[in-house]
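These notes concern the structure reproduced below.
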Amino acid sequence: MRGLEAWYGESQALYGVDLDVYPGETVTLLGRNGVGKTTTLRSLMGIVRKRSGTIEFNERSILRLPLHRVAHAGIGFVPEERGIFASLSVEENLMLPPVVAGSGKAMSLDEIYTLFPNLLERRHSPGTKLSGGEQQMLAIARILRTGVSMILLDEPTEGLAPVIIDRIGEMLKVLKTYGLSVLLVEQNFRFAARIADHFYVMDQGRMIDSFAVTELSGRRESLNKALGV
Amino acid sequence: MTMIFGVPLVVLTGQLLIGLINGSFYALLSLGLAVIFGLLRVVNFAHGAFYMLGAFTAWMLGQYLGLGYWGALVLAPVIVGLVGALVERTMLRRLYDLDHLYGLLFTFGLALLLEGLFQHFFGSSGKPFSAPAEMKGILRTDFVTVPIYRGWVVVASLVVCFGTWALIEKTKIGSYLRAATEDSTLVQAFGVNVPLLLTLTYAFGCALAGIAGVLAAPIFQVSPTMGSNMIIIIFAVVVVGGMGSILGAIATGYLLGIVEGLTKVFYPEAANIVIFVIMAAVLMVRPAGLFGKEY
Ligand SMILES: Nc1ncnc2c1ncn2[C@@H]1O[C@H](COP(=O)(O)OP(=O)(O)O)[C@@H](O)[C@H]1O
Ligand SMILES: [Mg+2]
C-alpha cells in the first residue's frame with residue numbers, strides 16, 4: 001500500500017499511508033482512537049470507495065476492483081463490530097462468505113468445529129445470541145473457511161475478558177502456522193506484542209512509525225507517548 | 001339451514017372465501033413489496049403496474065401466441081421478472097446512493113408510464129380471460145359453494161407465499177438475502193455479488209406481482225387500471241403489517257382479506273373502507289405496523 005488517501009465525503013481521513021505486509025507475516029497497526037486504523041482496513045478492502053494511491057495484493061492492483069471481487073483476490077475482513085448477522089444461525093453465519101480460489105488453505109466446516117467446539121454446540125442458534133467472545137471467534141472462523149491468504153482483523157480483543165483474549169491469541173498463532181498473512185489493528189499493545197512480527201503506528205491519518213518486533217523493547221517509551229498510555 | 005349469528009352458514013363461508021381470495025392477492029403483492037423493500041429500501045410503487053403487466057402478458061400470450069392458461073402462468077411471471085431486472089439494471093440502481101425518495105418517485109413514474117402505455121395500445125376496457133376448462137366448475141358442499149378456479153387461486157397463493165418464505169429462510173441464497181438486508185456492504189466485502197443479488201431480488205418481487213396478475217386475470221378481467229386500483233389497498237395492507245417481515249406481510253394480507261369479507265356480511269356499508277379504518281387505527285397505536293421493525 002503506497003500513498004493511500006481516503007475521504008469520508010469531503011473530509012479527508014488518510015494522508016499518504018504506506019504499509020507492507022509480507023506473506024505469512026503478522027503486522028499490527030497501532031494508534032489512538034480515531035487516527036484512521038479502521039479507515040485503513042476499510043480502504044484496503046474497498047469498503048471506503050473514495051480513495052487514491054496504490055494498493056497491490058500479490059502484485060496485482062486491487063484499487064479499482066468492485067468490492068465483491070476483493071475477497072476473491074484473497075483478502076478476508078473481520079470488522080470491528082464483528083458483523084454477526086442476527087437473522088442468520090451460527091452455521092449460516094459461518095457458511096456465508098463464499099470460498100475463494102486463493103492461495104490460502106480453506107478450512108472445512110469439520111476442522112472449524114474441531115477448533116471451536118462452542119460454535120458446533122450453538123450452531124442452530126441465532127448468531128447474535130452468542131457471547132461477545134464467541135461472536136469474535138465466529139467472525140474469524142467464517143473467514144478461515146474461505147481460504148483467503150490474508151486476513152484483516154479490527155480490534156479483535158475489544159471488550160473481551162482476559163481468558164477469551166488469551167484464546168484469541170492462541171488462535172492467531174495457529175493461523176500463523178497456516179501461513180496466513182494477518183493485518184491486525186489493536187489497542188491492546190501487550191496482546192499485539194505476543195504475536196506480531198512488525199508494527200506500524202498511526203496518528204491523525206498518517207503513518208508515523210514502523211519497526212520490527214526485535215526493535216520493540218527500545219521503543220517502549222516513545223510508543224507509550226504516541227499511544228497516549 | 002345452518003345459521004351463525006343470524007347469517008346463513010353458506011353466506012358466511014361464501015364471504016369468508018371471497019375474503020380469502022382477495023387476501024391471496026393482498027398477500028402475494030405485499031410479500032413482493034416487503035422482499036424488495038427489505039433489501040433495496042425502495043418502496044416499489046410500480047408493484048401494481050407489474051401485477052397488471054402479469055395479467056396483460058398472460059392475455060397477450062393467449063391472444064397472439066395461442067398459449068393456454070398454464071403456459072401463461074409459468075411464462076408471464078418470468079417475463080415480468082425479466083422486465084423488472086431490466087428496470088433495476090438500467091435505471092433503479094442509479095438511485096441507490098440518493099435519498100430513498102428518488103426510488104419512490106421513480107417507481108411511481110414508472111407505474112404511470114406502464115399504465116399509460118397499455119391504455120394507449122389496448123384501451124381502458126377490460127379484456128376477458130378465461131379460466132382453464134378443467135377449472136370452470138363449481139364445488140358444492142353443505143358448508144360452502146366454491147367456484148373451483150377461486151379455490152385454486154387460494155391454494156396457488158398459499159404455495160407461492162410459503163415457498164417464498166422457505167426460499168428466504170431455508171436456503172443459501174436466502175441467507176445472502178437476509179444478511180444483505182442487515183448489512184449489504186459487509187456481505188459484498190465477503191465476496192458475494194450484491195449488485196446481482198439486488199437485481200435478482202427486484203426481479204423476483206416483480207415476478208411475484210406477475211403471478212398475482214395471472215391468477216387475477218380470469219377473476220377480475222384484464223385492464224390497464226387493475227394495478228392502480230389494487231396498489232392502494234396493498235399499501236394499506238403494508239402499513240398495517242409493517243415493512244419488516246416476510247411472514248408478517250403474508251399473514252396481514254390474508255387477515256385483511258378475511259376481515260374485509262366478513263365486513264361484507266355483517267356491515268356491508270363499511271366493506272370498502274374497513275382496511276383503511278384498520279390502517280388508521282394501527283398507525284395511531286403502532287406506527288411501525290403489526291409485524292414491523294423500526295427503521
Ligand atoms: N463513516 C464515517 N463517516 C465520516 N467520518 C468517519 C467515518 N468513520 C470514521 N470517520 C472519521 O475518520 C477518522 C478515522 O476514524 P477510524 O478509522 O474509525 O479510526 P480508528 O479506527 O483509528 O479509531 C475519525 O476522525 C473519524 O471521525
Ligand atoms: Mg477503529
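Chain lettering (A, B, ...) mirrors the order of the C-alpha cells, residue numbering begins at 1 for each chain separately, and ligand numbering begins at 1 in order of display.
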
Exercise. Output the neighbourhood of ligand 1 as a PyMOL selection string, that is, all protein and nucleic acid residues with some atom at most 10 Å from the ligand, counting only C-alpha atoms and all ligand atoms.
Key: chain A and resi 6-14+29-43+48+80+154-155+185-187+202-205

Using C-alpha atoms, can you export the residues from the last selection as a compact mmCIF listing (two decimals), in the first residue's frame?
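The resulting file, again.txt, is reproduced below:
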```txt
# COMPACT_ATOMS: atom_id res chain seq x y z
CA ALA A 6 -9.13 8.30 1.75
CA TRP A 7 -12.13 10.53 2.30
CA TYR A 8 -15.49 10.40 4.04
CA GLY A 9 -17.48 12.77 1.88
CA GLU A 10 -15.44 15.99 1.86
CA SER A 11 -13.34 15.23 4.92
CA GLN A 12 -10.02 13.51 4.40
CA ALA A 13 -9.26 10.65 6.80
CA LEU A 14 -5.98 9.22 5.44
CA LEU A 29 -1.34 -1.33 13.30
CA LEU A 30 -1.28 0.73 16.49
CA GLY A 31 -2.69 4.14 17.28
CA ARG A 32 -5.10 6.03 19.44
CA ASN A 33 -8.83 6.15 18.83
CA GLY A 34 -9.89 7.98 15.71
CA VAL A 35 -6.48 8.14 13.99
CA GLY A 36 -7.62 6.15 10.95
CA LYS A 37 -6.80 2.49 11.66
CA THR A 38 -10.26 1.20 10.79
CA THR A 39 -10.33 3.51 7.79
CA THR A 40 -7.05 1.99 6.58
CA LEU A 41 -8.54 -1.51 6.68
CA ARG A 42 -11.83 -0.40 5.11
CA SER A 43 -9.98 1.41 2.32
CA VAL A 48 -14.41 3.07 1.70
CA GLU A 80 -14.58 -4.03 14.40
CA ASP A 154 -10.01 -4.92 13.50
CA GLU A 155 -9.55 -4.86 17.29
CA VAL A 185 -5.50 -3.39 14.32
CA GLU A 186 -5.07 -3.39 18.06
CA GLN A 187 -5.15 -1.03 21.01
CA MET A 202 -0.60 5.85 13.05
CA ASP A 203 -1.55 9.33 14.15
CA GLN A 204 -4.10 11.70 12.63
CA GLY A 205 -4.42 9.79 9.38
```

Practice problem: Identify every residue of chain B that has at least one atom within 12 Å of any atom of chain A, counting only C-alpha atoms, and report the result as a VMD selection string. | Solution: chain B and resid 168 to 197 245

Quiz item: Got a sec to tell me which of region 69-156 of chain B DSSP assigns to helix (DSSP H, G or I), as a PyMOL selection string?
Solution: chain B and resi 69-90+92-95+100-122+133-135+148-156

Quiz item: Between CA of Met171 (chain A) and CA of Val21 (chain A), what is the spacing in Å?
Solution: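 Pair CA of Val21 (chain A) / CA of Met171 (chain A) returns 19.4 Å.
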
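The space between CA of Pro224 (chain B) and CA of Tyr26 (chain B) spans 18.5 Å.
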
Exercise. Pick out each residue of region 29-245 of chain B that DSSP on the backbone tags as strand (DSSP E); I need them as a list of chain:residue names.
Key: B:Ile138, B:Leu139, B:Arg140, B:Thr145, B:Val146, B:Pro147

Could you dump the residues just selected with all heavy atoms as an mmCIF file, in the first residue's frame?
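Contents of the output file out10.cif:
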```cif
data_model
loop_
_atom_site.group_PDB
_atom_site.id
_atom_site.type_symbol
_atom_site.label_atom_id
_atom_site.label_comp_id
_atom_site.auth_asym_id
_atom_site.auth_seq_id
_atom_site.Cartn_x
_atom_site.Cartn_y
_atom_site.Cartn_z
ATOM 1 N N ILE B 138 -68.099 -25.711 -10.364
ATOM 2 C CA ILE B 138 -68.314 -25.189 -9.014
ATOM 3 C C ILE B 138 -68.369 -26.367 -8.060
ATOM 4 O O ILE B 138 -69.011 -27.386 -8.334
ATOM 5 C CB ILE B 138 -69.635 -24.395 -8.940
ATOM 6 C CG1 ILE B 138 -69.466 -23.076 -9.699
ATOM 7 C CG2 ILE B 138 -70.016 -24.136 -7.494
ATOM 8 C CD1 ILE B 138 -70.686 -22.205 -9.679
ATOM 9 N N LEU B 139 -67.677 -26.204 -6.942
ATOM 10 C CA LEU B 139 -67.682 -27.250 -5.935
ATOM 11 C C LEU B 139 -68.733 -26.888 -4.900
ATOM 12 O O LEU B 139 -68.732 -25.798 -4.343
ATOM 13 C CB LEU B 139 -66.291 -27.319 -5.290
ATOM 14 C CG LEU B 139 -66.065 -28.431 -4.279
ATOM 15 C CD1 LEU B 139 -65.984 -29.770 -4.988
ATOM 16 C CD2 LEU B 139 -64.809 -28.162 -3.478
ATOM 17 N N ARG B 140 -69.697 -27.818 -4.663
ATOM 18 C CA ARG B 140 -70.776 -27.516 -3.722
ATOM 19 C C ARG B 140 -70.755 -28.513 -2.589
ATOM 20 O O ARG B 140 -70.787 -29.715 -2.807
ATOM 21 C CB ARG B 140 -72.123 -27.625 -4.452
ATOM 22 C CG ARG B 140 -72.884 -26.329 -4.539
ATOM 23 C CD ARG B 140 -74.196 -26.564 -5.268
ATOM 24 N NE ARG B 140 -74.085 -26.225 -6.681
ATOM 25 C CZ ARG B 140 -74.237 -24.983 -7.151
ATOM 26 N NH1 ARG B 140 -74.478 -23.990 -6.331
ATOM 27 N NH2 ARG B 140 -74.120 -24.743 -8.436
ATOM 28 N N THR B 145 -69.932 -23.110 -1.103
ATOM 29 C CA THR B 145 -70.025 -23.235 -2.546
ATOM 30 C C THR B 145 -68.833 -22.481 -3.142
ATOM 31 O O THR B 145 -68.705 -21.280 -2.933
ATOM 32 C CB THR B 145 -71.327 -22.590 -3.049
ATOM 33 O OG1 THR B 145 -72.401 -23.160 -2.301
ATOM 34 C CG2 THR B 145 -71.533 -22.839 -4.520
ATOM 35 N N VAL B 146 -67.963 -23.206 -3.827
ATOM 36 C CA VAL B 146 -66.765 -22.555 -4.356
ATOM 37 C C VAL B 146 -66.620 -22.781 -5.833
ATOM 38 O O VAL B 146 -66.591 -23.932 -6.271
ATOM 39 C CB VAL B 146 -65.458 -23.197 -3.800
ATOM 40 C CG1 VAL B 146 -64.333 -22.208 -3.855
ATOM 41 C CG2 VAL B 146 -65.657 -23.849 -2.495
ATOM 42 N N PRO B 147 -66.491 -21.720 -6.608
ATOM 43 C CA PRO B 147 -66.025 -21.922 -7.979
ATOM 44 C C PRO B 147 -64.625 -22.534 -7.889
ATOM 45 O O PRO B 147 -63.782 -22.025 -7.130
ATOM 46 C CB PRO B 147 -65.969 -20.513 -8.555
ATOM 47 C CG PRO B 147 -66.795 -19.677 -7.636
ATOM 48 C CD PRO B 147 -66.724 -20.316 -6.295
#
```

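As for CA of Phe189 (chain A) and CA of Leu119 (chain A), they are spaced 28.1 Å apart.
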
Quiz item: Which residues come within 8 Å of Pro128 (chain B), counting only C-alpha atoms, excluding same-chain residues fewer than 5 positions away, as a PyMOL selection string?
Solution: chain B and resi 217-218+221-222

Quiz item: Could you pull the residues within 12 Å of Thr13 (chain B), counting only C-alpha atoms, minus those fewer than 6 positions along the same chain, as a list in words?
Solution: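 Using only C-alpha atoms, the neighbours found are Thr2, Met3, Ile4, Val7, Gly19, Leu20, Arg140, Thr141, Asp142, Phe143, Val144, Thr145, Val146, Ile258, Gly261, Leu262, Lys264 and Val265 of chain B.
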
Please produce an output containing N, CA and C atoms for each residue in the selection, written as a PDB file, in the first residue's frame.
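Output below, filename again.pdb:
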```
ATOM      1  N   THR B   2     -78.258 -24.118   8.324  1.00  0.00           N
ATOM      2  CA  THR B   2     -77.462 -23.736   9.483  1.00  0.00           C
ATOM      3  C   THR B   2     -77.267 -22.224   9.507  1.00  0.00           C
ATOM      4  N   MET B   3     -77.472 -21.626  10.700  1.00  0.00           N
ATOM      5  CA  MET B   3     -77.285 -20.185  10.827  1.00  0.00           C
ATOM      6  C   MET B   3     -76.210 -19.878  11.864  1.00  0.00           C
ATOM      7  N   ILE B   4     -75.428 -18.873  11.615  1.00  0.00           N
ATOM      8  CA  ILE B   4     -74.458 -18.413  12.610  1.00  0.00           C
ATOM      9  C   ILE B   4     -74.626 -16.914  12.764  1.00  0.00           C
ATOM     10  N   VAL B   7     -76.865 -15.369  10.387  1.00  0.00           N
ATOM     11  CA  VAL B   7     -76.485 -15.350   8.980  1.00  0.00           C
ATOM     12  C   VAL B   7     -76.379 -16.795   8.514  1.00  0.00           C
ATOM     13  N   GLY B  19     -63.215 -13.277   0.864  1.00  0.00           N
ATOM     14  CA  GLY B  19     -62.179 -12.586   1.622  1.00  0.00           C
ATOM     15  C   GLY B  19     -60.837 -13.273   1.480  1.00  0.00           C
ATOM     16  N   LEU B  20     -60.863 -14.592   1.531  1.00  0.00           N
ATOM     17  CA  LEU B  20     -59.625 -15.356   1.432  1.00  0.00           C
ATOM     18  C   LEU B  20     -58.999 -15.188   0.046  1.00  0.00           C
ATOM     19  N   ARG B 140     -69.697 -27.818  -4.663  1.00  0.00           N
ATOM     20  CA  ARG B 140     -70.776 -27.516  -3.722  1.00  0.00           C
ATOM     21  C   ARG B 140     -70.755 -28.513  -2.589  1.00  0.00           C
ATOM     22  N   THR B 141     -70.698 -28.023  -1.368  1.00  0.00           N
ATOM     23  CA  THR B 141     -70.895 -28.902  -0.213  1.00  0.00           C
ATOM     24  C   THR B 141     -71.933 -28.227   0.671  1.00  0.00           C
ATOM     25  N   ASP B 142     -72.231 -28.854   1.829  1.00  0.00           N
ATOM     26  CA  ASP B 142     -73.227 -28.274   2.733  1.00  0.00           C
ATOM     27  C   ASP B 142     -72.773 -26.935   3.303  1.00  0.00           C
ATOM     28  N   PHE B 143     -71.473 -26.800   3.463  1.00  0.00           N
ATOM     29  CA  PHE B 143     -70.982 -25.597   4.136  1.00  0.00           C
ATOM     30  C   PHE B 143     -70.609 -24.489   3.176  1.00  0.00           C
ATOM     31  N   VAL B 144     -70.229 -24.876   1.993  1.00  0.00           N
ATOM     32  CA  VAL B 144     -69.624 -23.861   1.151  1.00  0.00           C
ATOM     33  C   VAL B 144     -69.817 -24.169  -0.322  1.00  0.00           C
ATOM     34  N   THR B 145     -69.932 -23.110  -1.103  1.00  0.00           N
ATOM     35  CA  THR B 145     -70.025 -23.235  -2.546  1.00  0.00           C
ATOM     36  C   THR B 145     -68.833 -22.481  -3.142  1.00  0.00           C
ATOM     37  N   VAL B 146     -67.963 -23.206  -3.827  1.00  0.00           N
ATOM     38  CA  VAL B 146     -66.765 -22.555  -4.356  1.00  0.00           C
ATOM     39  C   VAL B 146     -66.620 -22.781  -5.833  1.00  0.00           C
ATOM     40  N   ILE B 258     -59.756 -11.443   4.792  1.00  0.00           N
ATOM     41  CA  ILE B 258     -60.847 -12.107   5.517  1.00  0.00           C
ATOM     42  C   ILE B 258     -61.696 -11.086   6.281  1.00  0.00           C
ATOM     43  N   GLY B 261     -63.938  -9.479   3.912  1.00  0.00           N
ATOM     44  CA  GLY B 261     -65.024 -10.384   3.533  1.00  0.00           C
ATOM     45  C   GLY B 261     -66.102 -10.446   4.612  1.00  0.00           C
ATOM     46  N   LEU B 262     -65.673 -10.560   5.862  1.00  0.00           N
ATOM     47  CA  LEU B 262     -66.642 -10.648   6.961  1.00  0.00           C
ATOM     48  C   LEU B 262     -67.417  -9.349   7.116  1.00  0.00           C
ATOM     49  N   LYS B 264     -68.377  -7.521   4.829  1.00  0.00           N
ATOM     50  CA  LYS B 264     -69.433  -7.544   3.815  1.00  0.00           C
ATOM     51  C   LYS B 264     -70.673  -8.244   4.323  1.00  0.00           C
ATOM     52  N   VAL B 265     -70.495  -9.242   5.211  1.00  0.00           N
ATOM     53  CA  VAL B 265     -71.632  -9.970   5.746  1.00  0.00           C
ATOM     54  C   VAL B 265     -72.338  -9.166   6.822  1.00  0.00           C
TER      55      VAL B 265
END
```
